[in-house]
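Content type compact mmCIF, C-alpha atoms, from the file run_6.txt:
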# COMPACT_ATOMS: atom_id res chain seq x y z
CA MET A 1 134.03 190.48 -33.80
CA LYS A 2 131.57 188.13 -32.10
CA ASP A 3 131.63 187.50 -28.34
CA ILE A 4 129.09 184.72 -27.64
CA LEU A 5 130.22 181.19 -28.52
CA ASN A 6 128.53 177.80 -28.11
CA LEU A 7 131.61 175.71 -27.30
CA ALA A 8 131.96 172.00 -26.51
CA VAL A 9 134.65 169.49 -25.57
CA VAL A 10 134.52 165.70 -25.77
CA ASN A 11 135.58 163.02 -23.31
CA PHE A 12 136.52 160.54 -26.04
CA ALA A 13 137.53 156.88 -25.67
CA PRO A 14 139.20 155.78 -28.92
CA VAL A 15 139.67 152.18 -29.95
CA TRP A 16 143.45 151.76 -30.05
CA GLY A 17 144.67 151.31 -33.61
CA ASN A 18 141.20 151.31 -35.21
CA LYS A 19 141.14 154.53 -37.18
CA GLU A 20 137.94 153.80 -39.09
CA ALA A 21 135.93 153.03 -35.94
CA ASN A 22 137.24 156.18 -34.28
CA LYS A 23 136.53 158.35 -37.32
CA LYS A 24 132.96 157.02 -37.44
CA ARG A 25 132.40 157.97 -33.78
CA ILE A 26 134.07 161.37 -34.20
CA CYS A 27 131.66 162.10 -37.04
CA GLU A 28 128.68 160.93 -34.98
CA TYR A 29 129.73 163.22 -32.13
CA ILE A 30 129.94 166.09 -34.63
CA GLU A 31 126.42 165.30 -35.88
CA ALA A 32 125.11 165.27 -32.30
CA ALA A 33 126.89 168.52 -31.45
CA GLY A 34 125.62 170.13 -34.64
CA ARG A 35 122.04 169.33 -33.66
CA MET A 36 122.78 170.98 -30.27
CA GLY A 37 123.85 174.20 -31.99
CA VAL A 38 127.51 173.82 -31.02
CA GLN A 39 129.73 176.20 -33.00
CA MET A 40 133.15 174.85 -31.97
CA LEU A 41 133.88 171.25 -30.92
CA VAL A 42 137.20 170.00 -29.50
CA PHE A 43 138.41 166.38 -29.41
CA PRO A 44 141.49 165.06 -27.55
CA GLU A 45 145.05 164.36 -28.61
CA THR A 46 145.37 161.25 -30.87
CA ALA A 47 141.58 160.81 -30.91
CA LEU A 48 141.78 159.24 -34.36
CA THR A 49 144.20 156.45 -33.41
CA GLY A 50 144.50 156.13 -29.64
CA TYR A 51 147.55 157.23 -27.68
CA ASP A 52 149.39 154.31 -26.07
CA ILE A 53 152.89 153.65 -27.37
CA GLU A 54 154.29 150.22 -28.17
CA PRO A 55 157.50 148.89 -26.56
CA GLU A 56 160.85 150.18 -27.76
CA SER A 57 161.46 146.88 -29.56
CA VAL A 58 158.88 147.81 -32.24
CA PRO A 59 160.66 149.36 -35.28
CA ARG A 60 159.86 153.03 -35.83
CA GLU A 61 158.06 152.65 -39.17
CA GLU A 62 155.98 149.75 -37.85
CA ARG A 63 154.56 151.75 -34.96
CA MET A 64 150.79 152.08 -35.00
CA GLN A 65 150.61 155.88 -35.19
CA ARG A 66 153.08 156.02 -38.09
CA ARG A 67 151.26 153.27 -39.98
CA LEU A 68 147.93 155.06 -39.58
CA ALA A 69 149.24 158.59 -40.16
CA GLU A 70 147.62 160.60 -42.93
CA THR A 71 148.03 163.99 -44.51
CA VAL A 72 146.01 167.12 -43.74
CA PRO A 73 143.97 167.54 -45.89
CA GLY A 74 143.36 163.78 -46.07
CA PRO A 75 140.61 161.16 -45.74
CA SER A 76 139.70 161.93 -42.13
CA THR A 77 139.68 165.72 -42.48
CA ASP A 78 137.60 165.27 -45.67
CA ALA A 79 134.98 163.35 -43.68
CA VAL A 80 135.01 165.87 -40.84
CA CYS A 81 134.83 168.85 -43.20
CA GLU A 82 131.66 167.52 -44.81
CA LEU A 83 130.04 167.97 -41.41
CA THR A 84 131.68 171.26 -40.45
CA LYS A 85 130.31 172.71 -43.69
CA LYS A 86 126.89 171.21 -43.01
CA TYR A 87 126.67 172.61 -39.49
CA ASN A 88 128.73 175.79 -39.96
CA MET A 89 131.04 174.55 -37.21
CA TYR A 90 134.71 174.43 -36.24
CA VAL A 91 136.09 171.02 -35.22
CA ILE A 92 139.53 170.29 -33.80
CA PHE A 93 140.72 166.69 -33.38
CA GLY A 94 143.98 164.90 -32.63
CA LEU A 95 145.65 162.60 -35.14
CA ALA A 96 149.00 161.40 -36.44
CA GLU A 97 149.74 163.64 -39.43
CA ARG A 98 152.12 162.66 -42.23
CA ASP A 99 153.83 165.64 -43.85
CA ALA A 100 152.70 165.71 -47.48
CA ALA A 101 155.98 167.26 -48.67
CA HIS A 102 158.19 165.06 -46.45
CA PRO A 103 156.43 161.70 -45.96
CA GLU A 104 159.11 160.46 -43.59
CA THR A 105 157.95 163.12 -41.09
CA VAL A 106 154.96 162.34 -38.84
CA TYR A 107 153.57 164.83 -36.31
CA ASN A 108 151.48 164.45 -33.20
CA ALA A 109 148.92 166.90 -34.57
CA ALA A 110 145.54 168.52 -34.06
CA ALA A 111 143.66 169.16 -37.30
CA VAL A 112 141.40 172.21 -37.54
CA CYS A 113 138.36 172.09 -39.84
CA GLY A 114 135.92 174.94 -40.33
CA PRO A 115 132.82 175.97 -42.27
CA GLU A 116 134.93 176.47 -45.40
CA GLY A 117 137.00 173.28 -45.06
CA VAL A 118 140.45 172.45 -43.73
CA ILE A 119 142.17 175.35 -41.97
CA GLY A 120 145.42 173.66 -40.94
CA ALA A 121 146.99 171.66 -38.13
CA CYS A 122 148.84 172.29 -34.89
CA HIS A 123 152.02 170.21 -34.50
CA LYS A 124 153.14 169.28 -31.00
CA ILE A 125 156.50 170.95 -30.38
CA HIS A 126 157.74 169.19 -27.23
CA LEU A 127 157.48 165.39 -27.20
CA PRO A 128 157.52 163.89 -23.68
CA PHE A 129 158.04 160.34 -22.50
CA ALA A 130 158.13 157.90 -25.45
CA GLU A 131 156.30 160.03 -28.04
CA GLY A 132 159.55 160.61 -29.91
CA LEU A 133 159.53 156.91 -30.82
CA TRP A 134 156.85 157.67 -33.40
CA ALA A 135 156.45 161.45 -33.72
CA ASP A 136 158.63 164.27 -35.03
CA PRO A 137 158.50 167.67 -33.26
CA GLY A 138 156.74 170.71 -34.65
CA ASP A 139 158.46 174.09 -34.68
CA LYS A 140 155.92 176.87 -34.09
CA PRO A 141 152.74 177.81 -32.19
CA PHE A 142 149.41 177.58 -34.01
CA LEU A 143 146.48 179.99 -34.13
CA PHE A 144 143.53 180.19 -36.51
CA ASP A 145 141.11 183.01 -37.32
CA THR A 146 137.41 182.83 -36.45
CA PRO A 147 134.48 185.25 -36.16
CA TRP A 148 135.42 185.38 -32.43
CA GLY A 149 138.96 186.48 -33.19
CA PRO A 150 142.12 184.34 -33.22
CA VAL A 151 142.00 181.04 -31.33
CA GLY A 152 145.13 179.28 -30.06
CA VAL A 153 145.66 175.52 -30.14
CA GLY A 154 148.13 173.45 -28.14
CA ILE A 155 148.67 169.76 -27.45
CA CYS A 156 149.06 168.47 -23.89
CA TYR A 157 152.70 168.79 -22.74
CA ASP A 158 153.13 172.00 -24.76
CA VAL A 159 150.28 173.55 -22.78
CA TYR A 160 151.11 172.30 -19.29
CA CYS A 161 154.87 172.77 -19.31
CA TYR A 162 155.44 175.67 -21.72
CA PRO A 163 153.11 178.50 -20.64
CA GLU A 164 154.78 180.90 -23.07
CA ILE A 165 152.80 179.19 -25.86
CA THR A 166 149.50 180.21 -24.28
CA ARG A 167 150.93 183.62 -23.41
CA TYR A 168 151.92 184.10 -27.05
CA ALA A 169 148.38 183.29 -28.19
CA ARG A 170 146.98 185.83 -25.74
CA ALA A 171 149.45 188.46 -26.95
CA MET A 172 148.25 187.77 -30.51
CA GLY A 173 144.69 188.60 -29.44
CA ALA A 174 143.31 185.15 -28.59
CA ARG A 175 140.62 185.10 -25.92
CA LEU A 176 140.27 181.32 -26.19
CA PHE A 177 142.89 178.56 -26.12
CA LEU A 178 142.16 174.92 -27.02
CA ASN A 179 144.06 172.09 -25.35
CA CYS A 180 143.93 168.67 -27.04
CA THR A 181 145.34 166.38 -24.38
CA ALA A 182 145.94 162.80 -23.25
CA ILE A 183 146.47 162.59 -19.48
CA ALA A 184 146.40 159.12 -17.95
CA THR A 185 146.79 157.89 -14.39
CA LEU A 186 150.37 156.72 -15.17
CA ASP A 187 152.38 155.07 -12.38
CA SER A 188 151.45 157.67 -9.76
CA PRO A 189 147.66 157.76 -9.69
CA GLY A 190 146.45 161.33 -9.49
CA ALA A 191 149.79 163.10 -10.00
CA GLY A 192 149.22 164.05 -13.63
CA GLY A 193 145.67 165.18 -12.99
CA TYR A 194 146.61 167.28 -9.97
CA LEU A 195 149.34 169.09 -11.90
CA GLY A 196 147.12 169.35 -14.98
CA ASN A 197 144.40 171.10 -12.98
CA LEU A 198 146.91 173.55 -11.51
CA CYS A 199 148.33 174.38 -14.93
CA LEU A 200 144.97 174.97 -16.61
CA HIS A 201 143.72 177.09 -13.72
CA TYR A 202 146.89 179.17 -13.82
CA LEU A 203 146.72 179.68 -17.58
CA ALA A 204 143.09 180.78 -17.49
CA VAL A 205 143.57 183.21 -14.60
CA ASN A 206 147.01 184.55 -15.48
CA ASN A 207 146.10 185.20 -19.11
CA ASN A 208 142.49 186.22 -18.37
CA MET A 209 141.26 183.90 -21.12
CA PHE A 210 139.11 180.83 -21.67
CA VAL A 211 140.76 177.42 -21.91
CA ALA A 212 138.87 174.49 -23.44
CA SER A 213 140.58 171.18 -22.71
CA SER A 214 139.56 167.85 -24.26
CA ASN A 215 141.03 164.63 -22.84
CA LEU A 216 140.90 160.95 -23.68
CA ALA A 217 138.68 158.93 -21.34
CA GLY A 218 138.84 155.33 -20.16
CA ARG A 219 140.96 152.40 -21.30
CA ASP A 220 143.27 152.84 -24.28
CA GLN A 221 145.62 149.87 -24.78
CA THR A 222 147.35 149.74 -21.42
CA SER A 223 146.60 153.17 -19.91
CA TRP A 224 143.50 154.50 -18.18
CA PHE A 225 142.79 158.08 -19.26
CA MET A 226 141.09 160.29 -16.72
CA GLY A 227 138.78 162.40 -18.88
CA GLY A 228 138.15 165.71 -17.18
CA SER A 229 137.37 167.53 -20.41
CA SER A 230 136.32 171.02 -19.41
CA ILE A 231 135.80 174.66 -20.31
CA ILE A 232 137.50 176.99 -17.84
CA GLY A 233 137.53 180.75 -17.80
CA PRO A 234 137.62 183.92 -15.75
CA SER A 235 135.49 184.19 -12.64
CA THR A 236 133.69 187.29 -11.44
CA THR A 237 135.97 187.17 -8.39
CA MET A 238 138.90 188.00 -10.74
CA THR A 239 141.29 185.79 -8.74
CA GLU A 240 139.80 182.36 -9.41
CA GLU A 241 139.00 180.12 -12.35
CA HIS A 242 135.41 179.13 -13.12
CA TYR A 243 134.26 175.83 -14.67
CA TYR A 244 131.70 176.66 -17.33
CA ALA A 245 131.43 172.99 -18.33
CA GLY A 246 132.97 169.66 -17.39
CA LYS A 247 134.91 168.59 -14.33
CA PRO A 248 138.49 168.81 -13.09
CA PHE A 249 140.80 165.87 -13.66
CA LEU A 250 140.29 163.23 -10.94
CA ALA A 251 136.75 164.38 -10.03
CA GLU A 252 134.19 161.62 -9.57
CA GLY A 253 132.70 160.69 -12.93
CA ALA A 254 135.23 162.79 -14.86
CA ASP A 255 136.26 159.79 -16.98
CA GLU A 256 132.79 159.11 -18.41
CA SER A 257 132.46 159.54 -22.19
CA GLY A 258 130.39 162.37 -23.63
CA ILE A 259 130.09 166.00 -24.67
CA GLN A 260 130.45 168.89 -22.23
CA SER A 261 129.19 172.21 -23.59
CA ALA A 262 128.70 175.82 -22.53
CA VAL A 263 127.70 179.12 -24.07
CA ILE A 264 130.51 181.49 -23.11
CA ASP A 265 130.90 185.26 -23.36
CA LEU A 266 134.40 186.08 -24.59
CA SER A 267 133.90 189.74 -23.73
CA ASP A 268 134.43 188.69 -20.09
CA THR A 269 138.18 188.45 -20.80

Kindly present the structure from the file in structure tokens form.
Amino acid sequence: MKDILNLAVVNFAPVWGNKEANKKRICEYIEAAGRMGVQMLVFPETALTGYDIEPESVPREERMQRRLAETVPGPSTDAVCELTKKYNMYVIFGLAERDAAHPETVYNAAAVCGPEGVIGACHKIHLPFAEGLWADPGDKPFLFDTPWGPVGVGICYDVYCYPEITRYARAMGARLFLNCTAIATLDSPGAGGYLGNLCLHYLAVNNNMFVASSNLAGRDQTSWFMGGSSIIGPSTTMTEEHYYAGKPFLAEGADESGIQSAVIDLSDT
């Protein structure tokens, strides 16, 4: 099993409701990361569509994420997999996924593509706020196999508020957990970022594992997303987290778009 991994996360600012424009930019980020030698690249929750949710008056089937939902495998994973095969890379990105067997079901999902093609998708289990207006809940944690051992994937609220999901991944042998997230300033500027930082620090230290978190950045439709995409892991002090790449939520400049990367040593866990 390999230990050294060139890992990257993306502060990504999607164009709300413009799937083709977002897919184009996702692919360009993958190309850029591939030229940098990145082996695993993580995008945020709903990177393909944007996150913001329309008012309750909008009928369920007319909601943007449901209209733009697609299957996995599907057109967007096909485009991404062309590049993961080209660069021998793993890419994880958030999208609205329509269940191929049950088209009436749409998940808030994170697709996982690898050097051999589509691996699968993580489905968000707990849907906070108004996400239930468009998404259906998943029912199980998600891990995928890599040359670095199993890697866990979670989506935002599942990671921050249900630490047993990360703990389960660690118990299954994962030394790395990926968090596809969408944290905005909301009505209480700073509150979500403060709690988000505490949660990620706790998960990294308590589980003695690396956590790579990728957040939306900048203006969506009505929300301002705070970025803060980062790679956090064990410190040599044993009692603190260490930022290998990126910045905490709320740090100056944390909401600027771009790739944050680090070469990490998973044997440190």

Item to complete: Would you list the contacts of Asp220 in chain A as a list in words, taking every protein, DNA or RNA residue within 8 Å and counting all atoms listed in the file, but skipping same-chain residues closer than 6 positions in sequence?
Response: Ala13, Pro14, Val15, Trp16, Gly50, Tyr51 and Asp52 of chain A

Worksheet item: Within 12 Å of (158.1, 181.2, -34.0), in the coordinates the file gives, what residues turn up when you count all atoms listed in the file, written out as a VMD selection string?
Response: chain A and resid 125 138 to 143 164 to 165 168 to 169

Deliver the residues from the most recent selection as a file, using C-alpha atoms, as a compact mmCIF listing (two decimals), in the coordinates of the input.
# COMPACT_ATOMS: atom_id res chain seq x y z
CA ILE A 125 156.50 170.95 -30.38
CA GLY A 138 156.74 170.71 -34.65
CA ASP A 139 158.46 174.09 -34.68
CA LYS A 140 155.92 176.87 -34.09
CA PRO A 141 152.74 177.81 -32.19
CA PHE A 142 149.41 177.58 -34.01
CA LEU A 143 146.48 179.99 -34.13
CA GLU A 164 154.78 180.90 -23.07
CA ILE A 165 152.80 179.19 -25.86
CA TYR A 168 151.92 184.10 -27.05
CA ALA A 169 148.38 183.29 -28.19

Worksheet entry | Spatial neighbours of Glu20 in chain A, 10 Å, all atoms listed in the file, chain gap at least 3 places, as a PyMOL selection string | chain A and resi 15+17+23-26+48-49+76

Worksheet item: Which one of A:Phe210, A:Trp134, A:Phe12, A:Phe129 sits closest to Ala69 in chain A if you count all atoms listed in the file?
Response: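 The shortest atom-to-atom distance to Ala69 in chain A comes from A:Trp134.
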
Worksheet item: Skipping near chain neighbours, those fewer than 5 positions away, what residues fall within 8 Å of range 82-91 of chain A using all atoms listed in the file, listed as a PyMOL selection string?
Response: chain A and resi 27+30-31+34+38-43+112-117

Worksheet entry | Shortest interatomic distance to Asp265 in chain A - which of A:Thr237, A:Val58, A:Leu216, A:Met209, counting all atoms listed in the file |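 Answer, going by the shortest atom-to-atom distance: A:Met209.
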